[in-house]
Every structure is written in C-alpha cells, then in structure tokens.
$ cat final_26.cif   # mmCIF, C-alpha atoms and all ligand atoms
data_final
loop_
_atom_site.label_atom_id
_atom_site.label_comp_id
_atom_site.auth_asym_id
_atom_site.auth_seq_id
_atom_site.Cartn_x
_atom_site.Cartn_y
_atom_site.Cartn_z
CA MET A 73 9.76 6.40 -72.32
CA PRO A 74 11.95 3.30 -72.89
CA PRO A 75 13.24 2.77 -76.42
CA PRO A 76 11.09 0.46 -78.53
CA ASP A 77 12.03 -3.20 -78.59
CA PRO A 78 13.77 -4.27 -81.76
CA ALA A 79 11.49 -5.91 -84.28
CA PRO A 80 11.30 -9.66 -83.52
CA ASP A 81 12.80 -10.53 -86.87
CA ALA A 82 15.64 -7.95 -86.59
CA VAL A 83 18.91 -9.48 -87.71
CA PRO A 84 22.19 -7.88 -86.68
CA PRO A 85 24.35 -6.41 -89.43
CA LEU A 86 27.62 -7.94 -90.54
CA ARG A 87 30.30 -6.88 -88.07
CA VAL A 88 33.89 -6.46 -89.17
CA GLY A 89 36.51 -5.88 -86.49
CA VAL A 90 39.80 -4.23 -87.36
CA PHE A 91 42.88 -3.42 -85.32
CA ASP A 92 46.31 -1.90 -85.66
CA SER A 93 49.02 -0.71 -83.31
CA GLY A 94 47.48 2.73 -83.79
CA VAL A 95 46.00 4.87 -86.52
CA GLY A 96 47.65 3.14 -89.50
CA GLY A 97 44.86 0.61 -89.96
CA LEU A 98 42.46 3.48 -90.69
CA SER A 99 43.91 3.27 -94.22
CA VAL A 100 42.41 -0.23 -94.46
CA LEU A 101 39.19 0.86 -92.73
CA LYS A 102 38.60 3.39 -95.54
CA ASP A 103 38.71 0.63 -98.15
CA LEU A 104 36.57 -1.67 -96.02
CA ARG A 105 33.88 0.99 -95.89
CA GLU A 106 33.82 1.18 -99.69
CA VAL A 107 33.91 -2.56 -100.26
CA LEU A 108 31.45 -3.47 -97.46
CA PRO A 109 29.17 -0.41 -97.20
CA GLY A 110 26.48 -2.21 -95.17
CA ALA A 111 28.82 -3.60 -92.52
CA GLN A 112 29.21 -2.27 -89.03
CA LEU A 113 32.91 -1.42 -88.66
CA LEU A 114 34.64 -1.70 -85.29
CA TYR A 115 38.24 -0.54 -84.95
CA VAL A 116 40.79 -0.63 -82.16
CA ALA A 117 43.92 1.56 -82.20
CA ASP A 118 46.36 0.15 -79.65
CA SER A 119 48.09 3.52 -79.53
CA ALA A 120 49.26 3.15 -75.93
CA TRP A 121 51.49 0.33 -77.21
CA ALA A 122 52.47 1.84 -80.58
CA PRO A 123 54.78 1.49 -82.35
CA TYR A 124 54.61 -2.31 -82.48
CA GLY A 125 57.45 -2.32 -84.99
CA GLU A 126 59.98 -1.51 -82.32
CA ARG A 127 58.67 -4.09 -79.81
CA SER A 128 59.54 -7.75 -79.24
CA GLU A 129 57.58 -10.51 -80.93
CA ALA A 130 56.28 -11.67 -77.52
CA GLU A 131 54.88 -8.20 -76.75
CA ILE A 132 53.22 -7.87 -80.16
CA LEU A 133 51.68 -11.31 -79.76
CA MET A 134 50.36 -10.50 -76.28
CA ARG A 135 48.79 -7.20 -77.44
CA SER A 136 47.34 -8.74 -80.61
CA GLU A 137 45.65 -11.46 -78.58
CA ALA A 138 44.26 -8.97 -76.01
CA ILE A 139 42.79 -6.68 -78.68
CA SER A 140 41.42 -9.57 -80.73
CA ARG A 141 39.76 -10.97 -77.61
CA PHE A 142 38.02 -7.62 -77.09
CA LEU A 143 36.77 -7.59 -80.70
CA ARG A 144 35.60 -11.20 -80.38
CA PHE A 145 33.67 -10.17 -77.28
CA GLN A 146 32.05 -7.48 -79.48
CA GLN A 147 30.84 -10.37 -81.67
CA VAL A 148 32.62 -9.41 -84.85
CA ASP A 149 32.10 -11.91 -87.66
CA VAL A 150 35.37 -11.26 -89.46
CA LEU A 151 38.62 -9.96 -87.96
CA VAL A 152 41.06 -7.86 -89.99
CA VAL A 153 44.57 -7.53 -88.57
CA ALA A 154 45.28 -4.20 -90.31
CA CYS A 155 48.92 -4.22 -89.31
CA ASN A 156 51.80 -5.90 -91.13
CA THR A 157 53.80 -6.13 -87.91
CA ALA A 158 51.00 -7.80 -85.90
CA THR A 159 50.21 -10.12 -88.80
CA ALA A 160 53.84 -11.24 -89.01
CA ALA A 161 54.10 -11.85 -85.27
CA ALA A 162 50.64 -13.07 -84.32
CA VAL A 163 48.24 -14.11 -87.07
CA HIS A 164 49.23 -17.81 -86.88
CA HIS A 165 48.62 -17.73 -83.14
CA LEU A 166 45.24 -15.98 -83.47
CA ARG A 167 44.10 -18.50 -86.08
CA ALA A 168 45.25 -21.36 -83.85
CA ILE A 169 43.31 -20.20 -80.79
CA TRP A 170 40.16 -19.27 -82.76
CA PRO A 171 40.09 -21.73 -85.68
CA ASP A 172 36.41 -20.96 -86.37
CA TRP A 173 36.99 -17.21 -86.81
CA PRO A 174 37.73 -15.80 -90.28
CA ILE A 175 40.87 -13.67 -89.88
CA VAL A 176 42.42 -11.53 -92.61
CA GLY A 177 46.05 -10.50 -92.27
CA VAL A 178 48.15 -7.90 -94.07
CA GLU A 179 51.57 -8.51 -95.57
CA PRO A 180 53.91 -6.41 -97.68
CA GLY A 181 52.81 -6.61 -101.33
CA LEU A 182 55.89 -8.34 -102.72
CA LYS A 183 53.83 -10.49 -105.04
CA PRO A 184 52.13 -7.57 -106.87
CA ALA A 185 55.46 -5.72 -106.84
CA ALA A 186 57.19 -8.66 -108.55
CA ALA A 187 54.48 -8.57 -111.22
CA ALA A 188 54.78 -4.78 -111.66
CA THR A 189 58.55 -4.21 -111.75
CA ARG A 190 60.26 -3.71 -115.08
CA ASN A 191 63.88 -3.54 -113.93
CA GLY A 192 63.66 -6.19 -111.17
CA ARG A 193 64.60 -3.70 -108.44
CA ILE A 194 62.07 -3.40 -105.65
CA GLY A 195 62.16 -1.42 -102.43
CA VAL A 196 60.24 -2.41 -99.29
CA LEU A 197 59.42 0.15 -96.60
CA ALA A 198 58.33 -1.58 -93.39
CA THR A 199 58.92 -1.79 -89.66
CA GLU A 200 61.97 -3.50 -88.21
CA ALA A 201 59.81 -6.24 -86.68
CA THR A 202 58.13 -7.02 -90.02
CA LEU A 203 61.42 -7.22 -91.92
CA ARG A 204 63.07 -9.55 -89.39
CA SER A 205 60.03 -11.86 -89.08
CA GLY A 206 60.01 -15.44 -90.32
CA LYS A 207 56.82 -14.68 -92.24
CA PHE A 208 58.58 -11.98 -94.27
CA GLN A 209 61.59 -14.27 -94.90
CA LYS A 210 59.17 -16.81 -96.35
CA LEU A 211 57.46 -14.13 -98.46
CA MET A 212 60.87 -13.22 -99.92
CA ALA A 213 61.66 -16.87 -100.60
CA ASP A 214 58.31 -17.29 -102.37
CA HIS A 215 58.19 -14.04 -104.38
CA GLY A 216 61.57 -12.34 -104.16
CA GLN A 217 63.74 -14.82 -106.09
CA ASP A 218 65.61 -13.27 -109.01
CA LEU A 219 64.75 -9.77 -107.78
CA GLN A 220 67.03 -7.17 -106.28
CA LEU A 221 65.29 -6.23 -103.04
CA THR A 222 66.19 -3.20 -100.96
CA LEU A 223 64.70 -3.64 -97.51
CA GLN A 224 64.34 -0.36 -95.67
CA ALA A 225 63.27 -0.38 -92.02
CA CYS A 226 61.69 2.93 -91.01
CA PRO A 227 62.12 3.39 -87.24
CA GLY A 228 60.27 6.45 -86.00
CA LEU A 229 58.07 6.92 -89.06
CA ALA A 230 54.94 5.18 -87.73
CA ALA A 231 55.31 7.08 -84.44
CA ALA A 232 55.66 10.40 -86.30
CA ILE A 233 52.49 9.66 -88.31
CA GLU A 234 50.76 8.59 -85.09
CA ALA A 235 51.32 12.15 -83.80
CA GLY A 236 48.71 13.27 -86.34
CA ASP A 237 50.44 16.01 -88.35
CA LEU A 238 51.21 14.41 -91.71
CA ASP A 239 53.14 17.45 -92.93
CA ALA A 240 55.28 17.86 -89.81
CA PRO A 241 59.00 18.45 -90.49
CA ALA A 242 59.81 15.23 -88.59
CA VAL A 243 57.61 13.22 -90.98
CA LEU A 244 59.17 14.81 -94.07
CA GLU A 245 62.68 14.30 -92.75
CA LEU A 246 62.08 10.59 -92.04
CA VAL A 247 60.42 10.01 -95.41
CA GLU A 248 63.42 11.55 -97.17
CA ARG A 249 65.88 9.58 -95.02
CA TYR A 250 64.21 6.25 -95.85
CA CYS A 251 63.50 6.93 -99.52
CA ALA A 252 67.05 8.11 -100.33
CA PRO A 253 68.59 4.57 -100.27
CA LEU A 254 65.79 3.33 -102.54
CA ARG A 255 66.59 6.08 -105.07
CA THR A 256 70.28 5.17 -104.89
CA GLN A 257 69.44 1.54 -105.69
CA GLY A 258 67.38 2.60 -108.72
CA VAL A 259 64.23 0.76 -107.66
CA ASP A 260 61.24 1.18 -109.98
CA THR A 261 58.68 -0.27 -107.55
CA VAL A 262 58.22 0.35 -103.82
CA VAL A 263 56.05 -1.65 -101.43
CA LEU A 264 54.33 0.14 -98.55
CA GLY A 265 54.84 -2.60 -95.94
CA CYS A 266 53.18 -0.77 -93.04
CA THR A 267 49.58 0.44 -92.89
CA HIS A 268 50.64 3.81 -91.48
CA TYR A 269 52.56 4.72 -94.64
CA PRO A 270 49.61 5.22 -97.06
CA PHE A 271 48.79 8.37 -95.10
CA VAL A 272 52.09 9.89 -96.28
CA VAL A 273 52.13 8.29 -99.72
CA HIS A 274 52.14 11.75 -101.33
CA HIS A 275 55.41 12.57 -99.53
CA ILE A 276 56.86 9.16 -100.38
CA ALA A 277 55.91 9.58 -104.05
CA HIS A 278 57.49 13.02 -104.08
CA ALA A 279 60.72 11.69 -102.53
CA LEU A 280 60.95 8.74 -104.94
CA GLY A 281 60.03 10.55 -108.14
CA PRO A 282 57.25 9.99 -110.69
CA GLN A 283 58.89 6.98 -112.37
CA VAL A 284 58.53 4.80 -109.26
CA ARG A 285 55.37 2.75 -108.82
CA ILE A 286 54.06 2.42 -105.26
CA ILE A 287 52.26 -0.71 -104.12
CA ASP A 288 49.61 -0.41 -101.40
CA THR A 289 47.57 -3.53 -100.60
CA SER A 290 44.72 -1.89 -98.61
CA ARG A 291 42.13 -2.53 -101.33
CA ALA A 292 43.21 -6.16 -101.77
CA VAL A 293 42.88 -6.68 -98.00
CA ALA A 294 39.36 -5.23 -98.04
CA GLN A 295 38.46 -7.52 -100.97
CA ARG A 296 39.71 -10.51 -99.00
CA ALA A 297 37.53 -9.43 -96.04
CA LEU A 298 34.58 -9.20 -98.43
CA ALA A 299 35.24 -12.75 -99.66
CA LEU A 300 35.39 -14.10 -96.08
CA SER A 301 32.20 -12.17 -95.23
CA GLU A 302 30.12 -13.84 -97.96
CA PRO A 303 28.69 -16.60 -95.70
CA PHE A 304 27.62 -13.96 -93.14
CA LEU A 305 26.15 -11.62 -95.73
CA ALA A 306 23.61 -14.31 -96.52
CA ILE A 307 22.30 -14.27 -92.93
CA ARG A 308 22.94 -10.68 -91.82
CA THR A 309 21.13 -7.50 -92.77
CA ALA A 310 22.80 -4.73 -94.70
CA THR A 311 22.26 -1.58 -92.66
CA PRO A 312 22.47 2.01 -93.82
CA ASP A 313 25.93 3.48 -93.22
CA GLY A 314 26.20 4.38 -89.53
CA PRO A 315 29.27 5.79 -87.83
CA ALA A 316 32.21 3.44 -87.44
CA ARG A 317 32.91 2.54 -83.79
CA LEU A 318 36.48 3.21 -82.78
CA TRP A 319 38.36 2.52 -79.56
CA THR A 320 41.82 3.57 -78.52
CA THR A 321 44.03 2.43 -75.66
CA SER A 322 45.39 6.00 -75.59
CA GLU A 323 43.55 9.36 -75.71
CA ALA A 324 40.08 9.29 -77.25
CA ALA A 325 40.15 13.00 -78.14
CA MET A 326 43.34 12.50 -80.13
CA LEU A 327 41.91 9.62 -82.17
CA GLN A 328 38.61 11.48 -82.65
CA ALA A 329 40.49 14.44 -84.12
CA ILE A 330 42.51 12.20 -86.46
CA ALA A 331 39.46 10.17 -87.54
CA THR A 332 37.57 13.37 -88.32
CA ARG A 333 40.42 14.60 -90.53
CA TRP A 334 41.46 11.33 -92.18
CA LEU A 335 38.24 9.36 -92.62
CA PRO A 336 35.61 10.31 -95.20
CA PHE A 337 32.81 9.00 -92.94
CA PRO A 338 31.77 9.64 -89.32
CA ALA A 339 33.31 7.75 -86.41
CA GLN A 340 32.53 7.54 -82.71
CA VAL A 341 35.59 7.12 -80.51
CA ARG A 342 35.84 5.70 -77.01
CA ALA A 343 38.73 4.89 -74.71
CA LEU A 344 39.53 1.25 -74.12
CA ASP A 345 41.27 -0.13 -71.07
CA ALA A 346 42.74 -3.33 -72.44
N1 LIG A 401 50.85 -0.11 -88.92
C1 LIG A 401 51.76 -1.15 -88.52
C2 LIG A 401 52.15 -2.04 -89.68
O1 LIG A 401 51.40 -2.16 -90.64
C3 LIG A 401 52.97 -0.86 -87.72
C4 LIG A 401 53.31 0.42 -87.14
C5 LIG A 401 54.01 0.22 -85.83
O2 LIG A 401 55.23 0.09 -85.78
O3 LIG A 401 53.28 0.18 -84.83
O4 LIG A 401 53.16 -2.66 -89.65
#

$ encode --input "final_26.cif" --output "structure tokens"
Amino acid sequence: MPPPDPAPDAVPPLRVGVFDSGVGGLSVLKDLREVLPGAQLLYVADSAWAPYGERSEAEILMRSEAISRFLRFQQVDVLVVACNTATAAAVHHLRAIWPDWPIVGVEPGLKPAAAATRNGRIGVLATEATLRSGKFQKLMADHGQDLQLTLQACPGLAAAIEAGDLDAPAVLELVERYCAPLRTQGVDTVVLGCTHYPFVVHHIAHALGPQVRIIDTSRAVAQRALALSEPFLAIRTATPDGPARLWTTSEAAMLQAIATRWLPFPAQVRALDA
C-alpha cells in the first residue's frame, strides 16, 4: 500500500543546514539541537577534503561553495558554516552569491576572551589557514589591541581528531605540543579557534591547567542561528525530534560510528558524492 499523502495543510519543519571540513562541526550541531529542538538538522562532513586548515584559500572556497550548494538544494532555511577555516575563506563569497540566504559563520572567540582575561594574555588555537586569513587579522585589529596574543597553529590536530579516537596517543601528543607554548607565555585564557577542538577540550584543559579559562563559541553560534531562524519559525512547524541527517564525502560507516559515539541524539548517515 502506498504511504498516505501528507495532510493538505502540512507545513515543512524549519531546516538548518550545517557543514564543516569533517566531524568538527558536530560540536556545533549538538548545541543547535538544544537551542532549536524542533528543527530538522542536516549536516555535511567534507571529510574527503579534510583538513581544510592545510589547504589553499581557493580550494576551501571551492569546497565551501559545492557543499553549500548541496544544502541549498536540500532547501535549508538557514546555513551554518560550522568551521572557522571555511568561514574565514568563504563566508563573504557565500553571502555574495546567495544574498537572500541567512548564513551564520564561526570565528575564534577573541571578543569574549578579551572580556574574560585578567592578565591580558590570551592564547588562540586554530588552523594555519584561519590564523593567516584576512578575516582573522581584522578580528585581531578589532579585539586584540592592548592584549598579548599567542597564536598557535595546530597542524595535524584536526586530522588526528577526524580519525575518531579522541584518546589516541597522537591526539595527546599534539595537544601537549600545542599547549606547551601557551603555558610558557602565561596565558590565562585560551580560545578554541577550530570546531574540532571542543571534542578534546578535556585534554586541552588538562594540558593548560585549571587556572586557564577556555573559550568555546559553539553555544553562541547556535544562538545566532536561532535568531536568524525566527522569521521561519513563524511559518514552519516544530516537529518532534527526529534523527539528524548527515552526509559525508568520505566513508559513511566511519561517520556513523563517530556520530553514534559523540552525539547525544540519533543520526542517519549517507555518503555524498560532491
Ligand atoms: N573544523 C575546522 C575549523 O573550525 C577546521 C579543521 C580543518 O583543518 O579541516 O577550523
């Protein structure tokens, strides 16, 4: 028997599309689920192209546009670029080609860090591409004046997290390597400038010591997505929590295993050829 037709007055739920170079943006997806419980969440992990942080700006831009185009085709109302590196390289471009589409980006939380620091010494952990971007230079000019900033690129760390074992010796070794210079500089506040890093925040906190405050902007990003969703919430239904729909440009089984371990809600994963 064919499935019943949808009720004539059925209204689709709010759709929020999210992407990252890989699994890092799942840290933002968790907050989105809490802040927008009735929304249908769609997520793309561009894991075949991860890490973005070690790619050229032109490559990051090209991949960000391809993935965003896919999510637009899926009719998402609001797009969340859950990747500092893609935001730095591509968010201006995405907003220029789709001026009607609400797009939320992610940037290292220098502003909240400047408000939180007591000794004026702040560390930033991020990808190489984020730290060298014009967008980050502007962020430093706007919020980093009169502060002593220690910028620490973390090559290899996103890729090690992407492998799925958060307690692997390679992960611990990289966390220690990148936190050591921040300890030496006596920072009292550290910004997680990459969405992969919240998954190892316990290791980072251990390496930095209890006196160091860690800034993660995932919740603020989800709140911004909520604000941009307000006009759609008025015309869309709130649906009961269904599974999030995830795609990966790499192996679906790998992402399914990670999503099952790292997300506190169910997710359906499919492969994406994009
Ligand atoms: N999760 C991404 C970010 O927030 C980058 C990781 C990568 O290098 O792909 O910057």

$ closest_residue --input "final_26.cif" --among "A:Ala299, A:Ala230, A:Ala188, A:Ala346" --to "ligand LIG 401 (chain A)" --atoms "all atoms listed in the file"
A:Ala230

$ closest_residue --input "final_26.cif" --among "A:Ala325, A:Ala240, A:Leu264, A:Leu280" --to "ligand LIG 401 (chain A)" --atoms "all atoms listed in the file"
A:Leu264

$ residues_near_ligand --input "final_26.cif" --ligand "ligand LIG 401 (chain A)" --cutoff "7 Å" --atoms "all atoms listed in the file" --output "list of chain:residue names"
A:Asp92, A:Ser93, A:Gly94, A:Gly96, A:Gly97, A:Ala122, A:Pro123, A:Tyr124, A:Gly125, A:Glu126, A:Ala154, A:Cys155, A:Asn156, A:Thr157, A:Ala158, A:Ala198, A:Thr199, A:Thr202, A:Ala230, A:Gly265, A:Cys266, A:Thr267, A:His268

$ residues_around --input "final_26.cif" --residues "A:Leu244" --least-positions-apart "6" --cutoff "10 Å" --atoms "all atoms listed in the file" --output "PyMOL selection string"
chain A and resi 229+232+238+272+275-276+279

$ closest_atom_pairs --input "final_26.cif" --of "stretch 126-204 of chain A" --to "stretch 331-344 of chain A" --cutoff "12 Å" --atoms "only C-alpha atoms" --output "JSON lines"
{"residue": "A:Ala138", "atom": "CA", "partner": "A:Leu344", "partner_atom": "CA", "distance": 11.4}
{"residue": "A:Ile139", "atom": "CA", "partner": "A:Leu344", "partner_atom": "CA", "distance": 9.7}
{"residue": "A:Phe142", "atom": "CA", "partner": "A:Leu344", "partner_atom": "CA", "distance": 9.5}
{"residue": "A:Leu143", "atom": "CA", "partner": "A:Leu344", "partner_atom": "CA", "distance": 11.4}

$ atom_distance --input "final_26.cif" --atom1 "atom CA of A:Ala277" --atom2 "atom CA of A:Leu108"
28.5 Å

$ residues_around --input "final_26.cif" --residues "A:Ile132" --least-positions-apart "3" --cutoff "8 Å" --atoms "all atoms listed in the file" --output "count of residues only"
10

$ closest_residue --input "final_26.cif" --among "A:Met212, A:Ala186, A:Ala306, A:Leu98" --to "A:Val83" --atoms "only C-alpha atoms"
A:Ala306

$ residues_around --input "final_26.cif" --residues "stretch 166-181 of chain A" --least-positions-apart "2" --cutoff "8 Å" --atoms "all atoms listed in the file" --output "PyMOL selection string"
chain A and resi 137+140+149-156+159-160+162-164+183-185+196+198+208+263-266+287-289+293+296-297+300

$ build_atoms --input "final_26.cif" --residues "stretch 287-298 of chain A" --atoms "all heavy atoms" --output "compact mmCIF listing (two decimals), in the coordinates of the input"
# COMPACT_ATOMS: atom_id res chain seq x y z
N ILE A 287 53.24 0.36 -104.32
CA ILE A 287 52.26 -0.71 -104.12
C ILE A 287 51.67 -0.62 -102.71
O ILE A 287 52.39 -0.70 -101.71
CB ILE A 287 52.94 -2.11 -104.28
CG1 ILE A 287 53.67 -2.24 -105.62
CG2 ILE A 287 51.92 -3.23 -104.05
CD1 ILE A 287 52.81 -2.44 -106.82
N ASP A 288 50.35 -0.47 -102.67
CA ASP A 288 49.61 -0.41 -101.40
C ASP A 288 48.53 -1.49 -101.48
O ASP A 288 47.75 -1.51 -102.44
CB ASP A 288 48.99 0.99 -101.27
CG ASP A 288 48.01 1.11 -100.11
OD1 ASP A 288 47.97 0.20 -99.26
OD2 ASP A 288 47.28 2.13 -100.06
N THR A 289 48.48 -2.38 -100.49
CA THR A 289 47.57 -3.53 -100.60
C THR A 289 46.24 -3.33 -99.85
O THR A 289 45.48 -4.28 -99.69
CB THR A 289 48.26 -4.81 -100.06
OG1 THR A 289 48.68 -4.55 -98.72
CG2 THR A 289 49.43 -5.22 -100.91
N SER A 290 45.93 -2.10 -99.41
CA SER A 290 44.72 -1.89 -98.61
C SER A 290 43.46 -2.42 -99.32
O SER A 290 42.61 -3.07 -98.71
CB SER A 290 44.48 -0.41 -98.32
OG SER A 290 45.62 0.18 -97.82
N ARG A 291 43.35 -2.12 -100.62
CA ARG A 291 42.13 -2.53 -101.33
C ARG A 291 42.06 -4.06 -101.42
O ARG A 291 40.98 -4.65 -101.26
CB ARG A 291 42.13 -1.89 -102.73
CG ARG A 291 40.95 -2.23 -103.60
CD ARG A 291 39.59 -1.94 -102.96
NE ARG A 291 39.35 -0.54 -102.78
CZ ARG A 291 38.20 0.10 -103.04
NH1 ARG A 291 37.17 -0.56 -103.52
NH2 ARG A 291 38.07 1.37 -102.80
N ALA A 292 43.20 -4.69 -101.67
CA ALA A 292 43.21 -6.16 -101.77
C ALA A 292 42.82 -6.79 -100.42
O ALA A 292 42.12 -7.81 -100.38
CB ALA A 292 44.60 -6.64 -102.20
N VAL A 293 43.23 -6.18 -99.34
CA VAL A 293 42.88 -6.68 -98.00
C VAL A 293 41.37 -6.57 -97.79
O VAL A 293 40.71 -7.49 -97.30
CB VAL A 293 43.66 -5.91 -96.92
CG1 VAL A 293 43.16 -6.25 -95.52
CG2 VAL A 293 45.15 -6.19 -97.04
N ALA A 294 40.81 -5.42 -98.19
CA ALA A 294 39.36 -5.23 -98.04
C ALA A 294 38.60 -6.24 -98.91
O ALA A 294 37.58 -6.79 -98.48
CB ALA A 294 38.99 -3.80 -98.42
N GLN A 295 39.11 -6.52 -100.10
CA GLN A 295 38.46 -7.52 -100.97
C GLN A 295 38.49 -8.90 -100.34
O GLN A 295 37.54 -9.67 -100.44
CB GLN A 295 39.17 -7.58 -102.35
CG GLN A 295 39.14 -6.30 -103.14
CD GLN A 295 37.77 -6.02 -103.77
OE1 GLN A 295 36.82 -6.75 -103.53
NE2 GLN A 295 37.67 -4.95 -104.54
N ARG A 296 39.59 -9.20 -99.68
CA ARG A 296 39.71 -10.51 -99.00
C ARG A 296 38.69 -10.57 -97.84
O ARG A 296 38.05 -11.61 -97.63
CB ARG A 296 41.14 -10.68 -98.48
CG ARG A 296 41.40 -11.94 -97.73
CD ARG A 296 41.43 -13.16 -98.65
NE ARG A 296 41.52 -14.39 -97.87
CZ ARG A 296 40.84 -15.50 -98.14
NH1 ARG A 296 40.05 -15.57 -99.19
NH2 ARG A 296 40.97 -16.56 -97.37
N ALA A 297 38.53 -9.47 -97.12
CA ALA A 297 37.53 -9.43 -96.04
C ALA A 297 36.13 -9.62 -96.61
O ALA A 297 35.30 -10.32 -96.02
CB ALA A 297 37.64 -8.11 -95.28
N LEU A 298 35.89 -9.03 -97.77
CA LEU A 298 34.58 -9.20 -98.43
C LEU A 298 34.36 -10.69 -98.75
O LEU A 298 33.29 -11.24 -98.47
CB LEU A 298 34.53 -8.36 -99.71
CG LEU A 298 33.34 -8.61 -100.64
CD1 LEU A 298 32.01 -8.27 -99.96
CD2 LEU A 298 33.48 -7.80 -101.93
